[in-house]
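Content type mmCIF, C-alpha atoms and all ligand atoms, from the file run.cif:
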```cif
data_work
loop_
_atom_site.label_atom_id
_atom_site.label_comp_id
_atom_site.auth_asym_id
_atom_site.auth_seq_id
_atom_site.Cartn_x
_atom_site.Cartn_y
_atom_site.Cartn_z
CA MET L 1 106.33 82.61 74.69
CA ALA L 2 108.73 83.76 71.98
CA TYR L 3 110.26 86.38 74.29
CA TYR L 4 111.36 83.75 76.82
CA ASN L 5 112.70 81.39 74.12
CA ASN L 6 114.64 84.22 72.46
CA ILE L 7 116.23 85.13 75.81
CA VAL L 8 117.27 81.54 76.52
CA GLU L 9 118.59 81.05 72.99
CA THR L 10 120.56 84.30 73.08
CA ALA L 11 122.03 83.44 76.49
CA LYS L 12 123.22 80.11 75.04
CA PHE L 13 124.53 81.77 71.85
CA ILE L 14 126.66 84.27 73.81
CA SER L 15 127.84 81.67 76.38
CA ASP L 16 128.90 79.32 73.54
CA PHE L 17 130.65 82.19 71.74
CA TYR L 18 132.79 83.16 74.74
CA GLY L 19 133.15 79.66 76.15
CA GLU L 20 134.24 80.67 79.68
CA LYS L 21 132.31 81.45 82.83
CA ILE L 22 131.48 85.15 83.18
CA ASP L 23 131.28 86.64 86.68
CA TYR L 24 129.69 90.08 86.18
CA ALA L 25 128.17 92.23 83.43
CA VAL L 26 128.52 95.99 82.93
CA VAL L 27 126.31 98.23 80.77
CA LEU L 28 128.02 101.34 79.41
CA GLY L 29 126.06 104.56 78.94
CA SER L 30 126.63 107.19 76.26
CA GLY L 31 130.28 108.14 75.87
CA ILE L 32 131.49 105.83 78.65
CA THR L 33 134.30 103.44 77.74
CA LEU L 34 135.89 100.52 79.57
CA GLU L 35 138.93 98.65 78.25
CA LEU L 36 139.39 95.04 79.33
CA ALA L 37 142.47 92.83 79.49
CA ASN L 38 142.44 90.08 76.79
CA GLN L 39 139.41 91.63 75.19
CA LYS L 40 137.23 89.59 72.80
CA GLU L 41 134.21 91.14 71.10
CA LEU L 42 130.86 90.22 69.57
CA LYS L 43 128.89 92.83 67.64
CA TYR L 44 125.19 93.18 68.47
CA ALA L 45 124.58 92.85 64.71
CA ASP L 46 126.07 89.32 64.87
CA ILE L 47 123.73 88.17 67.66
CA PRO L 48 120.86 86.63 65.63
CA LEU L 49 118.03 87.43 68.06
CA PHE L 50 119.32 90.78 69.37
CA PRO L 51 116.19 92.99 69.29
CA GLY L 52 118.00 96.14 68.14
CA ASN L 53 118.86 94.47 64.83
CA LYS L 54 115.30 95.04 63.66
CA LYS L 55 115.63 98.81 63.89
CA GLU L 56 118.02 101.40 62.52
CA GLY L 57 119.54 104.55 63.96
CA HIS L 58 121.71 103.78 66.95
CA VAL L 59 122.63 106.69 69.20
CA LYS L 60 126.01 108.37 68.74
CA GLY L 61 128.38 107.41 71.53
CA HIS L 62 127.39 103.73 71.61
CA ALA L 63 129.70 101.10 70.08
CA ASN L 64 126.94 98.43 69.90
CA LYS L 65 128.95 95.38 70.77
CA LEU L 66 129.66 93.04 73.64
CA THR L 67 133.21 92.86 74.92
CA PHE L 68 134.52 90.11 77.16
CA GLY L 69 137.67 90.02 79.26
CA LYS L 70 139.20 90.65 82.65
CA ILE L 71 138.83 93.53 85.08
CA GLY L 72 141.05 92.77 88.03
CA ASN L 73 140.50 89.14 88.96
CA LYS L 74 137.01 88.85 87.43
CA THR L 75 135.75 87.91 83.99
CA VAL L 76 133.24 90.44 82.76
CA MET L 77 130.94 90.97 79.83
CA VAL L 78 130.51 94.62 78.87
CA LEU L 79 127.46 95.80 76.96
CA ASN L 80 128.80 98.74 74.96
CA GLY L 81 125.54 100.50 74.21
CA ARG L 82 121.92 99.77 75.00
CA LEU L 83 118.51 100.18 73.43
CA HIS L 84 116.45 103.18 74.52
CA TYR L 85 112.70 103.53 74.74
CA TYR L 86 112.93 106.91 72.98
CA GLU L 87 114.35 105.17 69.88
CA GLY L 88 110.99 103.48 69.49
CA HIS L 89 111.98 100.12 70.97
CA SER L 90 109.41 98.39 73.15
CA MET L 91 110.14 98.18 76.88
CA LYS L 92 110.46 94.40 76.48
CA ASP L 93 113.15 94.88 73.82
CA VAL L 94 114.95 97.43 76.02
CA ALA L 95 114.94 94.88 78.89
CA PHE L 96 115.87 91.85 76.73
CA MET L 97 119.62 91.82 77.43
CA THR L 98 119.08 92.13 81.19
CA TYR L 99 117.21 88.81 81.15
CA VAL L 100 119.95 87.36 78.90
CA VAL L 101 122.54 88.34 81.53
CA LYS L 102 120.48 86.53 84.18
CA PHE L 103 120.06 83.41 82.05
CA MET L 104 123.81 83.29 81.35
CA GLY L 105 124.27 82.65 85.07
CA ILE L 106 126.05 85.98 85.64
CA LYS L 107 126.17 86.99 89.33
CA GLY L 108 125.40 90.69 89.05
CA LEU L 109 124.92 93.66 86.77
CA PHE L 110 126.52 97.10 86.98
CA ILE L 111 124.71 99.71 84.92
CA THR L 112 126.27 103.06 84.00
CA ASN L 113 124.60 106.01 82.32
CA ALA L 114 125.05 109.65 81.42
CA CYS L 115 122.50 111.91 83.08
CA GLY L 116 121.74 115.44 84.22
CA ALA L 117 122.15 116.56 87.84
CA ILE L 118 119.19 118.26 89.51
CA ASN L 119 120.62 118.21 93.04
CA THR L 120 122.88 121.27 93.35
CA ASP L 121 125.09 119.43 95.87
CA TYR L 122 126.34 117.55 92.81
CA SER L 123 128.70 118.93 90.17
CA GLU L 124 129.22 118.07 86.55
CA GLY L 125 131.53 115.05 86.39
CA ASP L 126 130.29 113.50 89.66
CA ILE L 127 129.28 109.86 89.97
CA VAL L 128 126.12 108.87 91.85
CA CYS L 129 125.39 105.35 93.05
CA LEU L 130 121.62 105.06 92.81
CA ASP L 131 119.69 104.49 95.98
CA ASP L 132 116.22 104.68 94.42
CA PHE L 133 114.40 105.76 91.25
CA ILE L 134 111.21 107.50 90.14
CA SER L 135 109.81 106.42 86.80
CA LEU L 136 108.33 109.39 84.97
CA VAL L 137 107.33 107.11 82.07
CA SER L 138 103.97 105.35 81.99
CA ASP L 139 105.33 102.11 80.57
CA ASN L 140 107.68 99.41 81.83
CA PRO L 141 108.89 95.96 80.72
CA LEU L 142 106.53 94.05 83.05
CA ILE L 143 103.31 95.28 81.39
CA GLY L 144 101.33 92.45 79.80
CA PRO L 145 101.00 88.77 80.65
CA ASN L 146 103.63 87.61 83.13
CA ASP L 147 105.95 84.74 82.23
CA GLU L 148 106.69 83.03 85.56
CA ARG L 149 109.90 81.61 84.08
CA LEU L 150 111.29 85.19 84.04
CA GLY L 151 109.97 86.30 87.43
CA GLU L 152 106.91 86.80 89.56
CA ARG L 153 103.90 88.98 88.64
CA PHE L 154 104.22 91.61 91.39
CA VAL L 155 107.81 92.68 91.95
CA ASP L 156 108.90 94.12 95.29
CA MET L 157 110.85 97.37 94.89
CA THR L 158 111.71 98.14 98.51
CA THR L 159 115.39 97.65 97.70
CA PRO L 160 115.77 98.03 93.92
CA PHE L 161 119.57 98.04 94.16
CA SER L 162 121.63 95.21 95.63
CA PRO L 163 122.90 96.30 99.09
CA LYS L 164 125.93 94.05 98.62
CA LEU L 165 126.94 95.63 95.30
CA VAL L 166 126.13 99.16 96.51
CA ASN L 167 128.04 98.77 99.79
CA THR L 168 131.05 97.35 97.98
CA LEU L 169 130.99 100.29 95.55
CA LEU L 170 130.77 102.79 98.45
CA ASP L 171 133.60 101.03 100.26
CA SER L 172 135.79 101.04 97.16
CA ALA L 173 135.09 104.72 96.45
CA ASN L 174 136.10 105.54 100.00
CA GLN L 175 139.29 103.53 99.67
CA LEU L 176 140.15 105.16 96.32
CA ASN L 177 139.22 108.66 97.47
CA ILE L 178 136.66 108.96 94.66
CA LYS L 179 133.60 111.08 95.50
CA LEU L 180 130.52 108.83 95.18
CA HIS L 181 127.10 110.27 96.04
CA GLN L 182 123.92 108.28 96.63
CA GLY L 183 120.69 109.56 95.12
CA THR L 184 117.41 109.11 93.29
CA TYR L 185 117.23 108.92 89.49
CA GLY L 186 114.22 110.19 87.57
CA PHE L 187 113.58 108.28 84.36
CA PHE L 188 112.38 110.68 81.66
CA MET L 189 111.24 109.40 78.26
CA GLY L 190 113.11 111.97 76.13
CA PRO L 191 114.56 112.22 73.56
CA TYR L 192 114.30 115.98 74.11
CA PHE L 193 116.15 117.32 77.14
CA GLU L 194 113.66 118.28 79.86
CA THR L 195 112.18 121.77 80.12
CA ARG L 196 113.06 124.09 83.04
CA ALA L 197 109.58 123.59 84.53
CA GLU L 198 109.86 119.80 84.24
CA ILE L 199 113.17 119.87 86.10
CA GLN L 200 111.63 122.00 88.90
CA ALA L 201 108.70 119.55 89.12
CA PHE L 202 111.04 116.52 89.24
CA LYS L 203 113.11 118.25 91.93
CA LYS L 204 110.00 118.67 94.10
CA MET L 205 109.19 115.01 93.55
CA GLY L 206 112.59 114.02 94.94
CA CYS L 207 114.73 113.39 91.85
CA ASP L 208 118.43 114.14 92.28
CA LEU L 209 119.21 113.21 88.69
CA VAL L 210 117.38 112.84 85.42
CA GLY L 211 118.10 110.61 82.46
CA MET L 212 116.57 108.67 79.60
CA SER L 213 117.65 105.09 80.33
CA THR L 214 118.48 102.55 83.05
CA VAL L 215 115.12 102.12 84.80
CA PRO L 216 113.68 99.52 82.37
CA GLU L 217 116.81 97.40 82.93
CA VAL L 218 116.64 97.87 86.71
CA ILE L 219 112.98 96.79 86.75
CA ALA L 220 113.81 93.69 84.64
CA ALA L 221 116.78 92.83 86.89
CA ASN L 222 114.50 92.98 89.95
CA HIS L 223 111.90 90.86 88.17
CA ALA L 224 114.55 88.26 87.28
CA GLY L 225 116.24 88.32 90.71
CA LEU L 226 119.52 89.62 89.24
CA PRO L 227 121.52 91.80 91.69
CA VAL L 228 121.97 95.24 90.14
CA ALA L 229 123.72 98.52 90.98
CA VAL L 230 123.83 101.76 88.99
CA LEU L 231 126.63 104.28 88.63
CA ALA L 232 125.00 107.36 87.17
CA CYS L 233 127.39 109.91 85.67
CA ALA L 234 126.33 113.55 85.89
CA THR L 235 127.60 114.78 82.53
CA ASN L 236 125.84 118.14 82.97
CA MET L 237 123.59 120.05 85.33
CA ALA L 238 119.91 119.69 84.37
CA THR L 239 118.02 122.26 82.27
CA GLY L 240 117.72 125.66 83.97
CA ILE L 241 120.25 124.70 86.64
CA GLN L 242 123.05 125.07 84.15
CA LYS L 243 122.89 128.39 82.35
CA ARG L 244 123.96 127.16 78.91
CA LYS L 245 122.02 124.97 76.48
CA HIS L 246 122.40 121.20 76.26
CA ASP L 247 124.78 119.62 73.79
CA HIS L 248 125.11 115.86 73.27
CA ASN L 249 128.81 116.26 72.34
CA HIS L 250 129.44 117.84 75.75
CA VAL L 251 127.65 114.85 77.36
CA LEU L 252 129.97 112.48 75.49
CA GLU L 253 133.13 114.43 76.39
CA THR L 254 132.27 114.55 80.10
CA ALA L 255 131.31 110.85 80.09
CA GLN L 256 134.68 110.01 78.56
CA LYS L 257 136.45 111.92 81.37
CA ILE L 258 134.38 110.15 84.05
CA SER L 259 135.32 106.76 82.54
CA VAL L 260 138.76 106.91 84.21
CA ASN L 261 137.31 106.94 87.75
CA LEU L 262 134.55 104.52 86.78
CA LYS L 263 137.12 101.93 85.74
CA LYS L 264 139.06 102.35 89.00
CA LEU L 265 135.84 102.03 90.99
CA LEU L 266 134.69 98.94 89.13
CA THR L 267 138.12 97.28 89.30
CA THR L 268 138.39 97.66 93.08
CA THR L 269 134.75 96.67 93.56
CA LEU L 270 135.03 93.54 91.43
CA GLU L 271 138.17 92.46 93.27
CA LYS L 272 136.29 92.65 96.58
CA LEU L 273 133.29 90.62 95.35
CA ASP L 274 133.16 86.79 95.19
N1 LIG L 301 118.72 114.96 80.84
C1 LIG L 301 118.39 113.75 80.39
N2 LIG L 301 119.27 112.88 79.94
C2 LIG L 301 120.56 113.24 79.98
C3 LIG L 301 120.98 114.49 80.44
C4 LIG L 301 120.00 115.40 80.90
O1 LIG L 301 120.29 116.52 81.35
N3 LIG L 301 122.33 114.50 80.32
C5 LIG L 301 122.72 113.31 79.82
N4 LIG L 301 121.65 112.53 79.60
#
```
Turn this file's structure into structure tokens for me.
Amino acid sequence: MAYYNNIVETAKFISDFYGEKIDYAVVLGSGITLELANQKELKYADIPLFPGNKKEGHVKGHANKLTFGKIGNKTVMVLNGRLHYYEGHSMKDVAFMTYVVKFMGIKGLFITNACGAINTDYSEGDIVCLDDFISLVSDNPLIGPNDERLGERFVDMTTPFSPKLVNTLLDSANQLNIKLHQGTYGFFMGPYFETRAEIQAFKKMGCDLVGMSTVPEVIAANHAGLPVAVLACATNMATGIQKRKHDHNHVLETAQKISVNLKKLLTTTLEKLD
């Protein structure tokens, strides 16, 4: 299958480019930044088989490059920007880099995103470590014939997030005195921000947050057996809960502010992990 071969080839291409063992990978959501010590970079456009290269129109707030370097005592690869389903990419293309991370022999994946808070116990600027998700989108990266080399046909989702990564994040937040909630993320297709009625429906379903990304990658990580944790950044209250209208620039500004605590949290967490 071309998909599998492209994943393996891309994993080799990136590993050869960097040349050193990478411990963990981090995906950055809209507006979120993370500086590394001794940073080296590789643009997505220079990765021959990167699926996004086929399409135009990347989302503002995404740098579209890999960066490599140190956070604390770990070597990390940061994915600055991701593909979204709402851009017209297939779910398999959205999930592609998650499988690449797995095939590079990386031990775990931390995903960040910008999202809206439905739960009124949360405030704008809060970080939520995901405990579960609800997909509100009738598509996912596992649809179609299964390639056993990537993972098994029927994927268990009892524990979608790695208890080890999650517990280490919670521990680190406690130590650093950073407020870290746990909650359920609703994956909405977008790209329009949800209506008031949709938010009320998602609230009744049990969503604490709503956003337009992350879940395809989480599903692929579970399929591939790659430990994953998500730090969701509430850049705004969801439609109808906040009284003003949405504004992507506000999302980016709040995400930038949250980046300071995210870096502290990731640094302490990575230092605790093997
Ligand atoms: N809804 C969906 N996606 C988002 C939001 C939101 O309120 N904020 C940032 N990304």
Ligand LIG 301 (chain L) neighbours within 8 Å using only C-alpha atoms and all ligand atoms, as a PDB file with C-alpha atoms, keeping the file's coordinate frame:
```pdb
ATOM      1  CA  ASN L 113     124.600 106.010  82.320  1.00  0.00           C
ATOM      2  CA  ALA L 114     125.050 109.650  81.420  1.00  0.00           C
ATOM      3  CA  CYS L 115     122.500 111.910  83.080  1.00  0.00           C
ATOM      4  CA  GLY L 116     121.740 115.440  84.220  1.00  0.00           C
ATOM      5  CA  ALA L 117     122.150 116.560  87.840  1.00  0.00           C
ATOM      6  CA  PHE L 188     112.380 110.680  81.660  1.00  0.00           C
ATOM      7  CA  GLY L 190     113.110 111.970  76.130  1.00  0.00           C
ATOM      8  CA  PRO L 191     114.560 112.220  73.560  1.00  0.00           C
ATOM      9  CA  TYR L 192     114.300 115.980  74.110  1.00  0.00           C
ATOM     10  CA  PHE L 193     116.150 117.320  77.140  1.00  0.00           C
ATOM     11  CA  GLU L 194     113.660 118.280  79.860  1.00  0.00           C
ATOM     12  CA  VAL L 210     117.380 112.840  85.420  1.00  0.00           C
ATOM     13  CA  GLY L 211     118.100 110.610  82.460  1.00  0.00           C
ATOM     14  CA  MET L 212     116.570 108.670  79.600  1.00  0.00           C
ATOM     15  CA  SER L 213     117.650 105.090  80.330  1.00  0.00           C
ATOM     16  CA  ALA L 234     126.330 113.550  85.890  1.00  0.00           C
ATOM     17  CA  THR L 235     127.600 114.780  82.530  1.00  0.00           C
ATOM     18  CA  ASN L 236     125.840 118.140  82.970  1.00  0.00           C
ATOM     19  CA  MET L 237     123.590 120.050  85.330  1.00  0.00           C
ATOM     20  CA  ALA L 238     119.910 119.690  84.370  1.00  0.00           C
ATOM     21  CA  THR L 239     118.020 122.260  82.270  1.00  0.00           C
ATOM     22  CA  HIS L 246     122.400 121.200  76.260  1.00  0.00           C
ATOM     23  CA  HIS L 248     125.110 115.860  73.270  1.00  0.00           C
ATOM     24  CA  VAL L 251     127.650 114.850  77.360  1.00  0.00           C
TER      25      VAL L 251
END
```
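Taking atom CA of L:Gly52 as the reference point, atom CA of L:Tyr85 is found at 11.2 Å.
Shortest atom-to-atom contact with L:Met97 among L:Ile178, L:Leu49, L:Leu252, L:Leu136: L:Leu49, counting only C-alpha atoms.
Here atom CA of L:Ile134 is placed at a distance of 6.2 Å from atom CA of L:Tyr185.
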Point out the residue among L:Ala173, L:Met157, L:Met77, L:Ala255 with the least atom-to-atom distance to L:Lys107, counting only C-alpha atoms.
-> L:Met77
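Separating atom CA of L:Asn146 from atom CA of L:Leu226 is a distance of 17.1 Å.
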May I have the residues within 12 Å of L:Glu41 as a ChimeraX atom specification, using all atoms listed in the file and disregarding those fewer than 6 positions away in the same chain?
-> /L:14,17-18,35,47,63-69,76-80
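Those residues positioned at most 7 Å from (121.2, 112.7, 91.2) are Ala117, Ile118, Asn119, Val128, Gly183, Thr184, Tyr185, Cys207, Asp208, Leu209 and Val210 of chain L, judged using only C-alpha atoms.
Within 9 Å of the file-frame point (130.0, 105.3, 99.0), and using only C-alpha atoms, the polymer residues found are Val128, Cys129, Val166, Asn167, Thr168, Leu169, Leu170, Asp171, Ser172, Ala173, Asn174, Ile178, Lys179, Leu180, His181 and Gln182 of chain L.
The nearest approach to L:Leu142 among the residues L:His223, L:His89, L:Pro160, L:Met104, with all atoms listed in the file taken into account, belongs to L:His223.
Comparing L:Val137, L:Ala201, L:Ala224, L:Leu176 by their smallest distance to L:Arg153, the closest is L:Ala224 (using all atoms listed in the file).
Residue nearest L:Glu20, chosen from L:Arg149, L:Lys164, L:Lys40, L:Lys204 and counting all atoms listed in the file: L:Lys40.
Closest approach to L:Ile219 among L:Tyr44, L:Phe161, L:Phe13, L:Tyr24 is made by L:Phe161 (distances from only C-alpha atoms).
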Within 12 Å of L:Gly225 using only C-alpha atoms, minus same-chain residues under 2 positions, as a PyMOL selection string = chain L and resi 98-99+101-103+105-109+149-152+155-157+159-162+217-223+227-228
